[in-house]
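Below is start36.pdb, which holds PDB, C-alpha atoms.
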```pdb
ATOM      1  CA  MET A 277       0.000   0.000   0.000
ATOM      2  CA  THR A 278       1.488   3.322  -1.038
ATOM      3  CA  ILE A 279       2.238   5.923   1.610
ATOM      4  CA  ASP A 280      -0.014   8.945   1.222
ATOM      5  CA  THR A 281       2.392  11.876   1.573
ATOM      6  CA  ASN A 282      -0.324  14.425   2.367
ATOM      7  CA  PRO A 283      -0.703  13.406   6.043
ATOM      8  CA  LEU A 284       3.074  13.609   6.386
ATOM      9  CA  ILE A 285       2.958  17.375   5.951
ATOM     10  CA  GLY A 286      -0.186  17.794   8.045
ATOM     11  CA  ASN A 287      -0.844  18.354  11.738
ATOM     12  CA  TYR A 288       0.150  15.584  14.165
ATOM     13  CA  GLU A 289      -0.892  17.311  17.377
ATOM     14  CA  THR A 290      -4.230  15.554  17.933
ATOM     15  CA  LEU A 291      -2.895  12.022  17.444
ATOM     16  CA  ASP A 292      -1.984  11.241  21.051
ATOM     17  CA  LEU A 293      -5.323  12.391  22.444
ATOM     18  CA  LYS A 294      -7.053  10.156  19.902
ATOM     19  CA  ASN A 295      -4.948   7.238  21.045
ATOM     20  CA  VAL A 296      -5.840   7.842  24.682
ATOM     21  CA  ALA A 297      -9.532   7.947  23.779
ATOM     22  CA  ARG A 298      -9.168   4.801  21.703
ATOM     23  CA  ARG A 299      -7.475   2.931  24.529
ATOM     24  CA  GLN A 300     -10.162   4.008  26.988
ATOM     25  CA  ASN A 301     -13.088   2.828  24.898
ATOM     26  CA  VAL A 302     -12.225  -0.181  22.747
ATOM     27  CA  ARG A 303     -11.977  -3.951  22.832
ATOM     28  CA  SER A 304     -14.450  -4.767  25.620
ATOM     29  CA  GLY A 305     -17.573  -2.773  24.932
ATOM     30  CA  GLY A 306     -16.146   0.449  26.273
ATOM     31  CA  THR A 307     -14.090  -0.937  29.173
ATOM     32  CA  LYS A 308     -10.351  -0.617  29.627
ATOM     33  CA  ASP A 309      -8.025  -3.570  29.140
ATOM     34  CA  LYS A 310      -7.688  -5.360  32.476
ATOM     35  CA  ASP A 311      -6.956  -8.892  33.504
ATOM     36  CA  SER A 312      -9.606 -11.206  34.930
ATOM     37  CA  ASN A 313      -9.113  -9.715  38.404
ATOM     38  CA  GLY A 314      -9.688  -6.172  37.202
ATOM     39  CA  MET A 315      -6.001  -5.318  37.570
ATOM     40  CA  GLY A 316      -3.881  -3.451  35.054
ATOM     41  CA  LEU A 317      -1.329  -5.411  33.063
ATOM     42  CA  VAL A 318       1.567  -3.727  34.880
ATOM     43  CA  ASP A 319       0.031  -2.626  38.177
ATOM     44  CA  ASN A 320       2.476  -0.914  40.533
ATOM     45  CA  LYS A 321       5.451  -1.485  38.256
ATOM     46  CA  VAL A 322       7.893   1.211  37.150
ATOM     47  CA  ALA A 323       9.020   1.813  33.570
ATOM     48  CA  PHE A 324      11.997   3.790  32.259
ATOM     49  CA  ILE A 325      11.491   5.261  28.769
ATOM     50  CA  SER A 326      13.796   7.276  26.517
ATOM     51  CA  GLY A 327      12.299   9.637  23.938
ATOM     52  CA  VAL A 328       9.174   9.949  26.074
ATOM     53  CA  ALA A 329       7.980  13.441  25.094
ATOM     54  CA  ARG A 330       5.971  12.532  21.996
ATOM     55  CA  GLY A 331       5.345   9.900  19.322
ATOM     56  CA  GLN A 332       5.878   6.264  20.221
ATOM     57  CA  GLY A 333       7.495   7.111  23.550
ATOM     58  CA  ARG A 334       4.460   9.076  24.682
ATOM     59  CA  SER A 335       2.104   6.364  23.463
ATOM     60  CA  HIS A 336       4.003   3.715  25.450
ATOM     61  CA  ALA A 337       4.134   5.881  28.578
ATOM     62  CA  VAL A 338       0.439   6.714  28.579
ATOM     63  CA  ARG A 339      -0.634   3.109  27.996
ATOM     64  CA  LEU A 340       1.680   1.876  30.741
ATOM     65  CA  ALA A 341       0.220   4.475  33.099
ATOM     66  CA  GLU A 342      -3.289   3.364  32.216
ATOM     67  CA  GLU A 343      -2.260  -0.198  32.997
ATOM     68  CA  GLY A 344      -0.936   0.781  36.426
ATOM     69  CA  ALA A 345       2.742   1.753  36.012
ATOM     70  CA  ASP A 346       4.660   4.804  37.153
ATOM     71  CA  ILE A 347       6.995   6.328  34.568
ATOM     72  CA  ILE A 348      10.592   7.533  34.662
ATOM     73  CA  GLY A 349      11.515   9.114  31.363
ATOM     74  CA  PHE A 350      13.482  11.711  29.490
ATOM     75  CA  ASP A 351      13.773  13.508  26.180
ATOM     76  CA  ILE A 352      16.205  15.988  24.694
ATOM     77  CA  CYS A 353      13.681  18.829  24.208
ATOM     78  CA  ALA A 354      15.975  20.588  21.752
ATOM     79  CA  ASN A 355      16.690  20.502  18.038
ATOM     80  CA  ASP A 356      19.740  18.909  16.416
ATOM     81  CA  ASP A 357      21.614  20.513  13.515
ATOM     82  CA  ALA A 358      21.935  17.103  11.819
ATOM     83  CA  VAL A 359      18.154  16.611  11.755
ATOM     84  CA  GLU A 360      15.997  18.672   9.403
ATOM     85  CA  TYR A 361      12.684  18.452  11.268
ATOM     86  CA  PRO A 362      11.931  19.879  14.753
ATOM     87  CA  LEU A 363      12.518  17.573  17.714
ATOM     88  CA  ALA A 364      10.508  17.377  20.927
ATOM     89  CA  THR A 365      10.015  20.415  23.149
ATOM     90  CA  GLN A 366       9.543  21.084  26.845
ATOM     91  CA  ASP A 367       5.840  21.620  26.102
ATOM     92  CA  ASP A 368       5.691  18.116  24.602
ATOM     93  CA  LEU A 369       7.293  16.678  27.725
ATOM     94  CA  ASP A 370       4.891  18.578  29.970
ATOM     95  CA  GLU A 371       1.927  17.278  27.972
ATOM     96  CA  THR A 372       3.134  13.704  28.383
ATOM     97  CA  THR A 373       3.370  14.286  32.135
ATOM     98  CA  LYS A 374      -0.242  15.474  32.217
ATOM     99  CA  LEU A 375      -1.458  12.481  30.198
ATOM    100  CA  ILE A 376       0.286  10.056  32.564
ATOM    101  CA  GLU A 377      -1.057  11.801  35.653
ATOM    102  CA  LYS A 378      -4.627  11.590  34.317
ATOM    103  CA  PHE A 379      -4.440   7.905  35.217
ATOM    104  CA  GLY A 380      -3.297   8.640  38.747
ATOM    105  CA  ARG A 381       0.266   7.491  38.119
ATOM    106  CA  ARG A 382       3.519   9.287  38.818
ATOM    107  CA  ALA A 383       5.575  10.800  36.012
ATOM    108  CA  LEU A 384       9.209  11.641  36.718
ATOM    109  CA  LEU A 385      10.155  13.112  33.350
ATOM    110  CA  SER A 386      13.399  14.998  32.749
ATOM    111  CA  VAL A 387      15.287  16.782  30.004
ATOM    112  CA  ALA A 388      18.382  14.786  29.043
ATOM    113  CA  ASP A 389      20.317  13.853  25.906
ATOM    114  CA  VAL A 390      20.471  10.105  25.306
ATOM    115  CA  ARG A 391      24.052  10.601  24.101
ATOM    116  CA  ASP A 392      25.084  11.772  27.576
ATOM    117  CA  HIS A 393      25.674   8.615  29.599
ATOM    118  CA  GLU A 394      26.037  10.377  32.948
ATOM    119  CA  ALA A 395      22.894  12.455  32.428
ATOM    120  CA  VAL A 396      20.843   9.364  31.561
ATOM    121  CA  LYS A 397      22.261   7.491  34.536
ATOM    122  CA  ARG A 398      21.205  10.326  36.838
ATOM    123  CA  VAL A 399      17.660  10.203  35.457
ATOM    124  CA  VAL A 400      17.208   6.499  36.126
ATOM    125  CA  ASP A 401      19.099   6.476  39.426
ATOM    126  CA  ASP A 402      17.119   9.412  40.806
ATOM    127  CA  GLY A 403      13.840   7.972  39.541
ATOM    128  CA  VAL A 404      14.404   4.587  41.131
ATOM    129  CA  ALA A 405      15.518   6.234  44.360
ATOM    130  CA  GLU A 406      12.168   8.031  44.497
ATOM    131  CA  LEU A 407       9.875   5.270  43.214
ATOM    132  CA  GLY A 408      11.662   2.336  44.817
ATOM    133  CA  ARG A 409      11.945  -0.116  41.928
ATOM    134  CA  LEU A 410      12.392  -0.673  38.194
ATOM    135  CA  ASP A 411      10.686  -3.348  36.106
ATOM    136  CA  ILE A 412      10.562  -2.207  32.467
ATOM    137  CA  VAL A 413      13.012  -0.421  30.168
ATOM    138  CA  LEU A 414      11.983   0.945  26.774
ATOM    139  CA  ALA A 415      14.951   2.224  24.757
ATOM    140  CA  ASN A 416      12.872   4.217  22.314
ATOM    141  CA  ALA A 417      14.687   7.486  21.507
ATOM    142  CA  GLY A 418      15.426   7.977  17.820
ATOM    143  CA  VAL A 419      15.754  10.395  14.925
ATOM    144  CA  MET A 420      15.655  10.177  11.143
ATOM    145  CA  ALA A 421      18.524  12.315   9.883
ATOM    146  CA  ILE A 422      17.768  11.158   6.343
ATOM    147  CA  THR A 423      16.288  14.270   4.717
ATOM    148  CA  GLY A 424      17.480  17.589   3.288
ATOM    149  CA  GLN A 425      21.073  18.574   2.752
ATOM    150  CA  GLN A 426      21.782  17.438   6.304
ATOM    151  CA  ARG A 427      21.546  13.794   5.232
ATOM    152  CA  LEU A 428      24.631  14.217   3.022
ATOM    153  CA  GLN A 429      26.896  15.225   5.904
ATOM    154  CA  ARG A 430      29.036  13.008   8.114
ATOM    155  CA  GLU A 431      27.222  14.511  11.106
ATOM    156  CA  ALA A 432      23.993  12.820   9.986
ATOM    157  CA  PHE A 433      25.681   9.412  10.128
ATOM    158  CA  LEU A 434      27.071  10.147  13.573
ATOM    159  CA  ALA A 435      23.679  11.347  14.822
ATOM    160  CA  GLY A 436      22.151   8.002  13.883
ATOM    161  CA  ILE A 437      24.891   6.000  15.584
ATOM    162  CA  ASP A 438      25.191   8.218  18.648
ATOM    163  CA  ILE A 439      21.450   8.461  19.340
ATOM    164  CA  MET A 440      20.137   5.051  18.276
ATOM    165  CA  LEU A 441      23.083   2.775  19.078
ATOM    166  CA  THR A 442      25.187   4.461  21.756
ATOM    167  CA  GLY A 443      21.960   5.953  23.108
ATOM    168  CA  VAL A 444      20.475   2.484  23.548
ATOM    169  CA  PHE A 445      23.608   1.396  25.405
ATOM    170  CA  ASN A 446      23.388   4.522  27.563
ATOM    171  CA  THR A 447      19.743   3.809  28.386
ATOM    172  CA  VAL A 448      19.953   0.098  29.128
ATOM    173  CA  MET A 449      23.285  -0.226  30.933
ATOM    174  CA  PRO A 450      22.526   2.011  33.931
ATOM    175  CA  ALA A 451      19.062   0.428  34.207
ATOM    176  CA  ILE A 452      20.280  -3.180  34.451
ATOM    177  CA  PRO A 453      21.560  -2.922  38.054
ATOM    178  CA  HIS A 454      18.130  -1.666  39.147
ATOM    179  CA  LEU A 455      16.338  -4.530  37.365
ATOM    180  CA  ARG A 456      18.718  -7.005  39.010
ATOM    181  CA  ALA A 457      18.354  -5.425  42.430
ATOM    182  CA  GLY A 458      14.622  -6.063  42.483
ATOM    183  CA  GLY A 459      15.038  -9.810  42.098
ATOM    184  CA  ARG A 460      11.725  -9.940  40.220
ATOM    185  CA  GLY A 461      13.046 -10.192  36.678
ATOM    186  CA  GLY A 462      12.027  -7.572  34.172
ATOM    187  CA  SER A 463      11.674  -6.659  30.526
ATOM    188  CA  ILE A 464      13.789  -4.542  28.193
ATOM    189  CA  VAL A 465      12.462  -3.578  24.761
ATOM    190  CA  ILE A 466      14.626  -1.758  22.219
ATOM    191  CA  THR A 467      12.966   0.066  19.332
ATOM    192  CA  SER A 468      14.600  -0.962  16.070
ATOM    193  CA  SER A 469      12.869  -0.843  12.675
ATOM    194  CA  THR A 470      12.257  -2.822   9.537
ATOM    195  CA  ALA A 471      15.479  -1.034   8.529
ATOM    196  CA  GLY A 472      17.144  -3.192  11.189
ATOM    197  CA  LEU A 473      16.210  -6.337   9.274
ATOM    198  CA  VAL A 474      16.553  -5.343   5.617
ATOM    199  CA  GLY A 475      18.895  -2.900   3.916
ATOM    200  CA  GLY A 476      16.793  -1.045   1.393
ATOM    201  CA  LEU A 477      15.657   2.176   3.030
ATOM    202  CA  GLY A 478      16.956   4.837   0.688
ATOM    203  CA  ASP A 479      19.698   6.638  -1.172
ATOM    204  CA  GLY A 480      22.906   5.502   0.500
ATOM    205  CA  SER A 481      23.535   8.915   2.055
ATOM    206  CA  PRO A 482      25.383   9.184   5.385
ATOM    207  CA  GLY A 483      22.095   9.879   7.159
ATOM    208  CA  VAL A 484      20.418   6.781   5.761
ATOM    209  CA  LEU A 485      23.487   4.654   6.469
ATOM    210  CA  GLY A 486      23.610   5.840  10.076
ATOM    211  CA  TYR A 487      19.946   5.028  10.560
ATOM    212  CA  THR A 488      20.208   1.585   8.989
ATOM    213  CA  ALA A 489      23.459   0.676  10.731
ATOM    214  CA  SER A 490      22.166   1.651  14.175
ATOM    215  CA  LYS A 491      18.902  -0.237  13.741
ATOM    216  CA  HIS A 492      20.831  -3.375  12.766
ATOM    217  CA  ALA A 493      23.405  -2.960  15.523
ATOM    218  CA  VAL A 494      20.919  -2.821  18.389
ATOM    219  CA  VAL A 495      19.799  -6.338  17.427
ATOM    220  CA  GLY A 496      23.286  -7.502  18.382
ATOM    221  CA  LEU A 497      23.071  -5.697  21.711
ATOM    222  CA  MET A 498      19.661  -7.233  22.338
ATOM    223  CA  ARG A 499      20.879 -10.773  21.667
ATOM    224  CA  ALA A 500      23.925 -10.378  23.897
ATOM    225  CA  TRP A 501      21.899  -8.895  26.765
ATOM    226  CA  ALA A 502      19.186 -11.542  26.379
ATOM    227  CA  ASN A 503      21.720 -14.319  26.918
ATOM    228  CA  VAL A 504      23.443 -12.633  29.848
ATOM    229  CA  LEU A 505      20.250 -11.637  31.675
ATOM    230  CA  ALA A 506      18.068 -14.704  31.047
ATOM    231  CA  PRO A 507      19.155 -16.549  34.237
ATOM    232  CA  GLU A 508      17.778 -13.600  36.228
ATOM    233  CA  ASN A 509      14.470 -13.698  34.337
ATOM    234  CA  ILE A 510      15.169 -10.382  32.619
ATOM    235  CA  ARG A 511      13.915 -10.555  29.047
ATOM    236  CA  VAL A 512      15.289  -8.477  26.183
ATOM    237  CA  ASN A 513      13.723  -8.011  22.742
ATOM    238  CA  THR A 514      13.742  -5.611  19.817
ATOM    239  CA  VAL A 515      10.628  -4.364  18.040
ATOM    240  CA  HIS A 516      10.643  -3.706  14.303
ATOM    241  CA  PRO A 517       7.720  -1.604  13.063
ATOM    242  CA  THR A 518       7.154  -0.472   9.529
ATOM    243  CA  GLY A 519       6.554   3.280   9.070
ATOM    244  CA  VAL A 520       4.739   4.861  12.017
ATOM    245  CA  ASN A 521       2.604   8.012  12.051
ATOM    246  CA  SER A 522       4.788   9.872  14.510
ATOM    247  CA  PRO A 523       6.685  13.175  14.218
ATOM    248  CA  MET A 524       9.739  11.293  12.871
ATOM    249  CA  ILE A 525       7.782  10.717   9.647
ATOM    250  CA  ALA A 526       4.698  12.939   9.898
ATOM    251  CA  ASN A 527       6.595  16.135   9.182
ATOM    252  CA  GLU A 528       7.171  18.448   6.241
ATOM    253  CA  ALA A 529      10.784  17.360   5.738
ATOM    254  CA  PHE A 530       9.919  13.706   5.208
ATOM    255  CA  GLY A 531       6.930  14.628   3.078
ATOM    256  CA  ARG A 532       9.203  16.605   0.756
ATOM    257  CA  TYR A 533      11.756  13.800   0.764
ATOM    258  CA  VAL A 534       9.384  11.095  -0.492
ATOM    259  CA  GLN A 535       7.919  13.487  -3.057
ATOM    260  CA  GLU A 536      11.405  14.301  -4.340
ATOM    261  CA  PHE A 537      12.394  10.620  -4.425
ATOM    262  CA  PRO A 538       9.230   8.685  -5.400
ATOM    263  CA  THR A 539      11.145   5.417  -5.740
ATOM    264  CA  ILE A 540      11.862   5.582  -2.011
ATOM    265  CA  ALA A 541       8.154   6.046  -1.277
ATOM    266  CA  GLN A 542       7.439   3.047  -3.504
ATOM    267  CA  ASN A 543       9.999   1.008  -1.554
ATOM    268  CA  LEU A 544       8.116   1.781   1.672
ATOM    269  CA  GLN A 545       4.905   0.077   0.571
ATOM    270  CA  ASN A 546       3.310  -2.491   2.900
ATOM    271  CA  PRO A 547       1.600  -5.615   1.515
ATOM    272  CA  LEU A 548      -1.216  -5.418   4.088
ATOM    273  CA  PRO A 549      -3.632  -2.501   3.742
ATOM    274  CA  VAL A 550      -2.684   0.181   6.277
ATOM    275  CA  PRO A 551      -4.446   3.586   6.385
ATOM    276  CA  ASN A 552      -2.137   6.146   4.760
ATOM    277  CA  GLY A 553       0.534   3.424   4.679
ATOM    278  CA  LEU A 554       1.543   4.101   8.302
ATOM    279  CA  LEU A 555       0.955   2.322  11.596
ATOM    280  CA  GLU A 556      -0.216   4.400  14.542
ATOM    281  CA  PRO A 557       2.056   4.646  17.603
ATOM    282  CA  GLN A 558      -0.576   2.722  19.552
ATOM    283  CA  ASP A 559      -0.097  -0.261  17.216
ATOM    284  CA  VAL A 560       3.521  -0.484  18.332
ATOM    285  CA  THR A 561       2.485   0.046  21.938
ATOM    286  CA  ASP A 562       0.109  -2.937  21.712
ATOM    287  CA  SER A 563       2.997  -5.202  20.696
ATOM    288  CA  ILE A 564       5.233  -3.827  23.425
ATOM    289  CA  MET A 565       2.523  -4.449  26.023
ATOM    290  CA  HIS A 566       2.494  -8.096  24.982
ATOM    291  CA  LEU A 567       6.263  -8.351  25.389
ATOM    292  CA  ILE A 568       6.451  -6.684  28.801
ATOM    293  CA  SER A 569       3.361  -8.279  30.356
ATOM    294  CA  ASP A 570       2.966 -11.804  31.695
ATOM    295  CA  ALA A 571       1.718 -12.837  28.254
ATOM    296  CA  GLY A 572       5.296 -12.433  27.015
ATOM    297  CA  ARG A 573       7.027 -14.020  29.989
ATOM    298  CA  TYR A 574       8.819 -16.592  27.833
ATOM    299  CA  ILE A 575       9.727 -14.287  24.961
ATOM    300  CA  THR A 576      13.341 -13.139  24.904
ATOM    301  CA  GLY A 577      16.075 -12.692  22.343
ATOM    302  CA  THR A 578      13.590 -12.047  19.553
ATOM    303  CA  THR A 579      13.240  -9.538  16.735
ATOM    304  CA  TYR A 580       9.530  -8.839  17.171
ATOM    305  CA  VAL A 581       8.099  -7.597  13.891
ATOM    306  CA  MET A 582       4.920  -5.583  13.322
ATOM    307  CA  ASP A 583       5.388  -4.482   9.725
ATOM    308  CA  ALA A 584       2.211  -5.294   7.764
ATOM    309  CA  GLY A 585       4.225  -7.829   5.755
ATOM    310  CA  PHE A 586       6.940  -5.362   4.744
ATOM    311  CA  THR A 587      10.036  -7.462   5.439
ATOM    312  CA  ASN A 588       8.489 -10.655   4.081
ATOM    313  CA  ASN A 589       7.978  -8.850   0.772
ATOM    314  CA  ARG A 590      11.579  -7.693   0.317
TER     315      ARG A 590
END
```
Can you dump the structure from the file as structure tokens?
Amino acid sequence: MTIDTNPLIGNYETLDLKNVARRQNVRSGGTKDKDSNGMGLVDNKVAFISGVARGQGRSHAVRLAEEGADIIGFDICANDDAVEYPLATQDDLDETTKLIEKFGRRALLSVADVRDHEAVKRVVDDGVAELGRLDIVLANAGVMAITGQQRLQREAFLAGIDIMLTGVFNTVMPAIPHLRAGGRGGSIVITSSTAGLVGGLGDGSPGVLGYTASKHAVVGLMRAWANVLAPENIRVNTVHPTGVNSPMIANEAFGRYVQEFPTIAQNLQNPLPVPNGLLEPQDVTDSIMHLISDAGRYITGTTYVMDAGFTNNR
């Protein structure tokens, strides 16, 4: 199914509120998703999320809060010269806080750069000190430095590696001691991409290469961590969505990019019918909820794909 480029240059701001409404009033005749005892899927657990201010990170945080978890999270809340489109803002982070607190859960959200190991460590250490535990880690922060003249610069390659590979390391490593300390096991989910399974995303520019290389490389981290942490019942997986209707794609820069290079847009087609050719952030959240809940208690070391048939069709 061809991506409709018109929504990519439209307004994304109402998406998260729609997702909250959808989650509150679907599946069970208007009731929220609960287990047979009326409990949330992650009641009284604590999750640590990078890139939490908007997009997939916000979707994950709000759903986890609805299902009973408190949230520790961070986002950069500043633009990057290597990335053509605007990144998250303090207002975005504040809105995520409000959405989490609507469910009566705590939101300890900070401004930090995922490339700064010590800053990220402070966020998780301080959050666990206040909330008392850690159960779930979602290494979600990412950028697409693949558009405009920026994509042709070495800095675009480094942005991909530093944010989506080193940034994953910086997010997961300081969280592992807290997962171990609880003695209850835990779940780590790293956001990769279909670009982490196949190689054909675009034009071979430094920005595209950095994106593709980082999304492949985190699979190696996941597999190594899964083996090391399995004896302690800590599960580690990657998720690999096709294109998602988040600000990484739903922006003017990407809209111009696929219009300028129509063969790239054609290469992003999904075999299954998907509205506008893009998943919603909540679709990825649904898969992550399966992995981190008891339903996924024996799933580890996997590349978990929700791609509407994209990789099978390569």
Requested in this report: Translate the PyMOL selection byres ((chain A and resi 556-560) around 7), as applied to the file shown, into an explicit residue set as a list of chain:residue names.
Outcome: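 Expected selection for the PyMOL selection byres ((chain A and resi 556-560) around 7) here is A:Asn295, A:Gly331, A:Gln332, A:Ser335, A:Pro517, A:Val520, A:Asn521, A:Ser522, A:Leu554, A:Leu555, A:Thr561, A:Asp562, A:Ser563, A:Ile564.
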Residue by residue, what does the PyMOL selection byres ((chain A and resi 516) around 9) grab here? Present the result as a compact mmCIF listing (two decimals) with C-alpha atoms, in the frame of the given file.
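Once everything was written out, this is expr_15.txt:
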```
# COMPACT_ATOMS: atom_id res chain seq x y z
CA THR A 467 12.97 0.07 19.33
CA SER A 468 14.60 -0.96 16.07
CA SER A 469 12.87 -0.84 12.68
CA THR A 470 12.26 -2.82 9.54
CA ALA A 471 15.48 -1.03 8.53
CA GLY A 472 17.14 -3.19 11.19
CA LEU A 473 16.21 -6.34 9.27
CA LYS A 491 18.90 -0.24 13.74
CA THR A 514 13.74 -5.61 19.82
CA VAL A 515 10.63 -4.36 18.04
CA PRO A 517 7.72 -1.60 13.06
CA THR A 518 7.15 -0.47 9.53
CA VAL A 560 3.52 -0.48 18.33
CA THR A 579 13.24 -9.54 16.74
CA TYR A 580 9.53 -8.84 17.17
CA VAL A 581 8.10 -7.60 13.89
CA MET A 582 4.92 -5.58 13.32
CA ASP A 583 5.39 -4.48 9.72
```
**Report entry** Residue contacts of Gly349 (chain A) (12 Å, all atoms listed in the file) excluding same-chain residues fewer than 5 positions away, as a ChimeraX atom specification
**Finding:** /A:322-330,333-334,336-338,369-370,372-373,376,382-390,395-404,410,412-417,447,451
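CA of Asp411 (chain A) lies 15.7 Å from CA of Tyr574 (chain A).
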**Report entry** the PyMOL selection byres ((chain A and resi 489) around 9) resolved against shown file, as a PyMOL selection string
**Finding:** chain A and resi 436-437+441+471-472+475+484-488+490-494
Requested in this report: Could you tell me which of A:Gly480, A:Gly380, A:Pro538, A:Gly553 comes closest to Gly344 (chain A) if we count all atoms listed in the file?
Outcome: A:Gly380
**Report entry** A:Leu363, A:Ile525, A:Val318, A:Leu455 ranked by distance to Ile422 (chain A), top pick (using all atoms listed in the file)
**Finding:** A:Ile525
